[in-house]
Amino acid sequence: MHEYEEDGYQVYKMGLWSPGPGCHGGCGAEVYLKDGKVVKVEGDEDHPYHQGRLCPRALALRQYIHHPDRLKYPMKRAGERGSGKWERISWDEALDTCEQKMRDIREKYGAESMVFGQGTGRDSGGPIIFLAYAYGSPNWTLFGLSGIACFTPRLAACTMVMGDMTFPDAAQFFPARYDDPDWKCPEVILSWARNLQGSQCADHYFSGHYVIDMMKRGAKLIVVDPYNGWEASRADLWLRLRPGTDGALAMGMIKVIIEEGLYDQDFVEKWTFGFDKLKDEVATQSLDEIAQITWVPVEKIVEAARMYAAAKPAQMRFGQPLDSNAEAVASIHALASLWALTGNIDNPGGNVISRPVKGVTVYPYSTVEVIQLYGQEFVDKMNEKRIGADKYPLVKNFRSWAMSDDVLEQMETGKPYPIKGLWCQTNNFLAGTAQDPRRHYEAVRKLDFNVVVDTFMTPTAQAIADIVQPAGAITEKDSAFTTGIPLNPIYKVAETEEARMDWEINFELAKRLNPQAVPWPNVRALFDQRLSVAGHSFDSLVEAGWALAPKGDPTCPYNRHEKGLLRPDGQPGFRTPSGKFEFYSQKFEEYGLNPLPHHVEPLESEISTPEIHKEYPLILCTGRRVGVMFHSEHRMIPWLREINPDPPVEIHPDTAAKYGIKDGDWVLLEGTYGKAKRKAKVTPLTHPEVVVAQHGWWIPEARYEGDGNPYKVWDININQLIPMGHNSKSGFGGALTKTMLCRISKVKEGEEVSYA
Amino acid sequence: MPRDFASKRSPRKGLLIDYDYCTGCHSCEVACKQEHDYPAGKGGIHLSEIITEKPDGTYRIDYIPFTTMYCDLCAGRTANGLQPACVKHCQAATMFYGDVADLAKIMEDKPHHVLLTPR
Ligand code: SF4
Ligand code: SF4
């Protein structure tokens with residue numbers, strides 16, 4: 001039963017996602033309503049994903065939903081852009097204005113002159129692509145994030161070299177989870193650039209605590225991380241690498257595994273391509289040199305390689321910092337090669353191929369799926385005008401984003417055609433998403449028409465929007481969680497004033513702009529169609545609560561490459577040109593990239609720019625996650641903010657002493673591109689040469705009255721130290737969020753940031 | 001929800017925490033506030049972070065959730081056979097509720113536990 005009554009509460013079972021908890025989890029929850037209002041959220045013990053556990057953000061949901069600062073009505077600006085003055089309008093007026101302005105742009109300049117920006121990839125990505133394509137613009141992007149360096153590079157690299165993405169096997173594909181007889185507990189978990197505390201989910205996907213479940217069942221931990229985090233503190237072996245050198249370290253491990261003959265000969269022979277070329281490549285490298293590059297001593301590289309290769313099975317989880325490597329797909333290729341060398345692909349307890357349950361996506365992202373839905377002709381036409389499509393063949397053929405770095409440049413130059421408007425939905429680029437936020441601010445403020453759709457008035461909405469539209473929170477929308485396991489329904493059980501679910505807003509506007517593109521009578525009919533491949537309608541999925549693919553289905557493990565379940569032609573093997581895992585990637589070669597895994601040094605570093613390093617001796621690692629907040633969200637939620645009250649930078653005690661900094665001091669971080677202030681958190685957990693900063697900070701309680709510094713972003717936004725335009729050669733990856741050099745000093749008296 | 005602060009139940013109940021696995025996720029704190037409608041600044045459980053140097057020069061991080069005077073061991077929930085809000089939602093599944101004697105037995109088998117008896 002998805003709905004029942006208990007003690008005068010109406011209780012609904014559903015998957016949680018966003019907006020509200022934020023995140024990429026998809027946890028099963030029971031939402032309690034009284035008098036039509038959400039009053040409590042409990043974990044759902046019947047849900048296989050986390051068996052009743054929940055994160056603090058989900059547990060604080062009612063403070064999010066009923067927050068007095070929620071956007072409640074559509075508004076238009078009642079002064080200059082950025083004046084902080086707003087006027088309430090009706091939904092009709094909001095949509096009429098959008099329709100008219102967007103029609104004007106389309107007629108005068110072409111639909112491609114309107115950019116559609118999303119934030120982190122949640123279900124709102126679907127309606128944004130849907131609206132962009134209905135309108136006729138190819139330019140949907142993760143607006144602001146250099147190289148779209150969050151997950152997409154990992155997804156793209158794995159898809160190129162092995163045809164699919166893998167995830168660590170925590171038995172997430174089976175209803176009985178760890179009790180399923182086919183599952184094996186890994187002997188070793190290699191946790192590479194992950195932060196269990198920061199991802200802060202109870203369970204799988206991008207998350208964390210499944211690692212604990214497996215540690216309790218005997219798994220040992222190897223951790224690769226510059227930071228002495230919780231996992232490093234519990235690790236059997238910890239490799240403290242220099243930020244940005246993951247690819248080099250992985251090549252060192254590959255060298256040891258090959259040259260000591262520790263690889264899985266059977267798997268390598270049957271299921272891989274280009275082994276000899278990889279072997280020749282690592283023969284040219286020396287472990288001493290790799291140790292120098294990575295800061296990891298040779299003994300530890302050797303020990304990690306032996307321990308990982310000896311474990312049967314071993315699994316690897318790898319995190320966002322890989323996407324920030326200078327040539328991200330090359331580093332990721334190196335890590336994935338470790339799975340292939342050791343035969344840990346689609347095996348019980350290893351790295352299992354992860355596809356959406358029964359192949360359901362609420363709306364298609366991949367080029368292959370977009371072609372299925374719209375036809376090759378439409379996609380070809382879109383690619384003619386898509387920003388970056390010519391420059392980055394990998395991007396064009398994998399997932400048709402307009403590339404963020406090039407979008408910004410085109411907004412500034414107007415070449416090869418002008419950009420005139422921005423549809424910005426659930427993207428707070430000024431506080432979180434964008435590198436070099438000042439460049440984005442200047443560029444977007446020059447456009448003719450900007451719309452922001454969000455749940456709160458953000459710095460971005462204040463600074464750039466002409467129209468602001470209120471989005472519905474998680475309990476105020478219909479959707480489905482399809483990007484992870486299991487497939488979960490999300491459905492509307494409550495309302496906040498006039499907030500509307502993102503799908504409904506975009507569906508209505510798409511219908512006005514291009515009725516032919518919207519053959520469905522309503523959003524639920526669209527969902528019904530998308531869910532039909534899983535044998536579900538929207539209602540039946542709600543009733544079922546969640547869905548997993550049965551064993552034997554191509555979207556359920558194991559050893560699908562042996563059974564012919566992975567390739568469209570039904571032959572055994574992987575979805576690559578050779579049908580094998582490619583150490584030597586023919587796709588990379590086709591796209592003009594180095595076909596072999598390799599390391600590329602960061603833009604600034606002790607090796608690439610020793611002179612700059614003398615003046616700016618610290619490495620700035622930003623993007624540091626904290627479990628009570630997701631990206632730029634949750635700064636206004638009292639139960640969460642009290643746990644993480646100030647925008648910090650973590651600094652080692654020795655380094656702090658050297659610069660006369662005490663815990664709690666306001667400090668100035670300066671790099672070659674810009675500066676920002678932060679509150680010093682002095683801790684021995686960070687490396688003496690590395691300072692660590694959370695991203696996404698703004699101060700919602702600093703009321704904004706039009707002084708051009710909405711919610712103090714220009715004081716504290718750490719991305720001001722990070723330039724755009726240095727994304728990887730492949731297009732994907734290379735945001736410099738982990739490797740820019742900086743220096744630090746105490747701010748002068750009277751220049752501290754006050755929140756009043 | 002009925003809240004029975006005064007009752008002296010026997011045998012005494014407590015919370016056992018295996019702090020080898022507590023990751024400091026804060027779910028226990030927020031779950032308690034939600035359950036009891038406590039505002040920010042007040043709660044039945046408070047998490048402490050303890051950082052200590054290991055013999056090899058690296059650091060160990062431990063978290064100890066400590067019950068405050070506002071913890072009623074979720075009397076309203078446990079009377080209905082439910083787990084306390086913190087225990088149920090603990091992301092590491094590393095909190096246990098029960099009779100003190102039973103919980104102490106678990107401590108005999110494995111180190112790195114704390115037993116809390118708030119009432
Ligand atoms: S047992 Fe209940 S009252 Fe006590 S800390 Fe846990 S949630 Fe709070
Ligand atoms: S909920 Fe569990 S893991 Fe999280 S802080 Fe509390 S005791 Fe630790």
# chains A, B, ... in the order shown; residues from 1 in each chain; ligands from 1

$ interface_residues --of "chain A" --to "chain B" --cutoff "7 Å" --atoms "only C-alpha atoms" --output "PyMOL selection string"
chain A and resi 40+43+52-56+59-60+197+200+202+209+212+228+230+233+627+638-639+642+685

$ residues_around --residues "Trp17 of chain A" --least-positions-apart "4" --cutoff "8 Å" --atoms "only C-alpha atoms" --output "PyMOL selection string"
chain A and resi 21-27+122+474+481

$ residues_around --residues "Val161 of chain A" --least-positions-apart "3" --cutoff "7 Å" --atoms "only C-alpha atoms" --output "NGL selection string"
:A and (157-158 or 576 or 581-582 or 585)

$ write_last_selection --atoms "C-alpha atoms" --output "PDB file, in the first residue's frame"
ATOM      1  CA  ALA A 157      34.845   7.743 -20.545  1.00  0.00           C
ATOM      2  CA  CYS A 158      33.424   4.417 -19.368  1.00  0.00           C
ATOM      3  CA  THR A 576      32.522  -1.106 -28.088  1.00  0.00           C
ATOM      4  CA  PHE A 581      37.009  -3.585 -22.902  1.00  0.00           C
ATOM      5  CA  GLU A 582      39.447  -1.331 -24.750  1.00  0.00           C
ATOM      6  CA  SER A 585      40.224   2.994 -27.139  1.00  0.00           C
TER       7      SER A 585
END

$ select_by_dssp --residues "segment 85-118 of chain B" --states "alpha helix (DSSP H)" --output "list in words"
Ala85, Cys86, Val87, Lys88, His89, Val100, Ala101, Asp102, Leu103, Ala104, Lys105, Ile106, Met107, Glu108 and Asp109 of chain B

$ atom_distance --atom1 "atom CA of Val268 of chain A" --atom2 "atom CA of Ala340 of chain A"
7.0 Å

$ atom_distance --atom1 "atom CA of Ile290 of chain A" --atom2 "atom CA of Ile607 of chain A"
12.5 Å

$ residues_around --residues "Gly731 of chain A" --least-positions-apart "4" --cutoff "10 Å" --atoms "only C-alpha atoms" --output "list of chain:residue names"
A:Ser146, A:Gly147, A:Ile148, A:Ala149, A:Pro153, A:Glu327, A:Ala328, A:Val329, A:Gly388, A:Ala389, A:Lys391, A:Tyr392, A:Pro393, A:Leu394, A:Val395, A:Lys396, A:Met403, A:Ser404, A:Asp405, A:Asp406, A:His726, A:Asn727

$ residues_around --residues "Gln83 of chain B" --least-positions-apart "6" --cutoff "10 Å" --atoms "only C-alpha atoms" --output "PyMOL selection string"
chain B and resi 73-75+77+89+96-98

$ closest_residue --among "B:Thr78, B:Thr67, B:Thr117, B:Ser48" --to "ligand 1" --atoms "only C-alpha atoms and all ligand atoms"
B:Thr67

$ atom_distance --atom1 "atom CA of Ser18 of chain A" --atom2 "atom CA of Gly198 of chain A"
17.3 Å

$ select_by_dssp --residues "chain B" --states "strand (DSSP E)" --output "ChimeraX atom specification"
/B:13-18,45-53,59-67,95-99,113-116

$ closest_residue --among "B:Cys71, B:Leu116, B:Met95, B:Leu82" --to "ligand 1" --atoms "only C-alpha atoms and all ligand atoms"
B:Cys71

$ residues_around --residues "Val11 of chain A" --least-positions-apart "4" --cutoff "6 Å" --atoms "only C-alpha atoms" --output "list of chain:residue names"
A:Glu3, A:Tyr4, A:Glu5, A:Val31, A:Tyr32

$ write_last_selection --atoms "all heavy atoms" --output "tab-separated table (two decimals), in the first residue's frame"
chain	number	residue	atom	x	y	z
A	3	GLU	N	-0.35	4.22	0.35
A	3	GLU	CA	-1.00	5.28	1.12
A	3	GLU	C	-1.77	4.65	2.26
A	3	GLU	O	-2.47	3.66	2.07
A	3	GLU	CB	-1.97	6.01	0.18
A	3	GLU	CG	-2.66	7.16	0.84
A	3	GLU	CD	-3.76	7.78	-0.04
A	3	GLU	OE1	-3.82	7.46	-1.25
A	3	GLU	OE2	-4.55	8.55	0.50
A	4	TYR	N	-1.62	5.16	3.46
A	4	TYR	CA	-2.41	4.64	4.58
A	4	TYR	C	-2.59	5.71	5.64
A	4	TYR	O	-1.98	6.78	5.57
A	4	TYR	CB	-1.77	3.39	5.17
A	4	TYR	CG	-0.39	3.56	5.76
A	4	TYR	CD1	-0.23	3.82	7.12
A	4	TYR	CD2	0.76	3.44	4.97
A	4	TYR	CE1	1.04	3.97	7.67
A	4	TYR	CE2	2.02	3.59	5.51
A	4	TYR	CZ	2.16	3.85	6.86
A	4	TYR	OH	3.42	4.01	7.40
A	5	GLU	N	-3.46	5.40	6.62
A	5	GLU	CA	-3.70	6.36	7.69
A	5	GLU	C	-3.10	5.84	8.98
A	5	GLU	O	-3.13	4.64	9.25
A	5	GLU	CB	-5.22	6.51	7.88
A	5	GLU	CG	-5.72	7.86	7.46
A	5	GLU	CD	-7.17	8.04	7.86
A	5	GLU	OE1	-7.44	8.20	9.07
A	5	GLU	OE2	-8.00	7.98	6.95
A	31	VAL	N	6.07	9.79	3.87
A	31	VAL	CA	5.82	11.21	4.10
A	31	VAL	C	4.50	11.34	4.85
A	31	VAL	O	3.46	10.87	4.39
A	31	VAL	CB	5.77	11.96	2.75
A	31	VAL	CG1	5.44	13.42	2.98
A	31	VAL	CG2	7.09	11.81	2.01
A	32	TYR	N	4.56	11.97	6.03
A	32	TYR	CA	3.37	12.13	6.90
A	32	TYR	C	2.74	13.49	6.68
A	32	TYR	O	3.41	14.51	6.80
A	32	TYR	CB	3.76	11.99	8.37
A	32	TYR	CG	4.05	10.58	8.82
A	32	TYR	CD1	5.12	9.86	8.29
A	32	TYR	CD2	3.25	9.97	9.79
A	32	TYR	CE1	5.38	8.58	8.70
A	32	TYR	CE2	3.51	8.67	10.22
A	32	TYR	CZ	4.57	7.98	9.66
A	32	TYR	OH	4.83	6.69	10.08
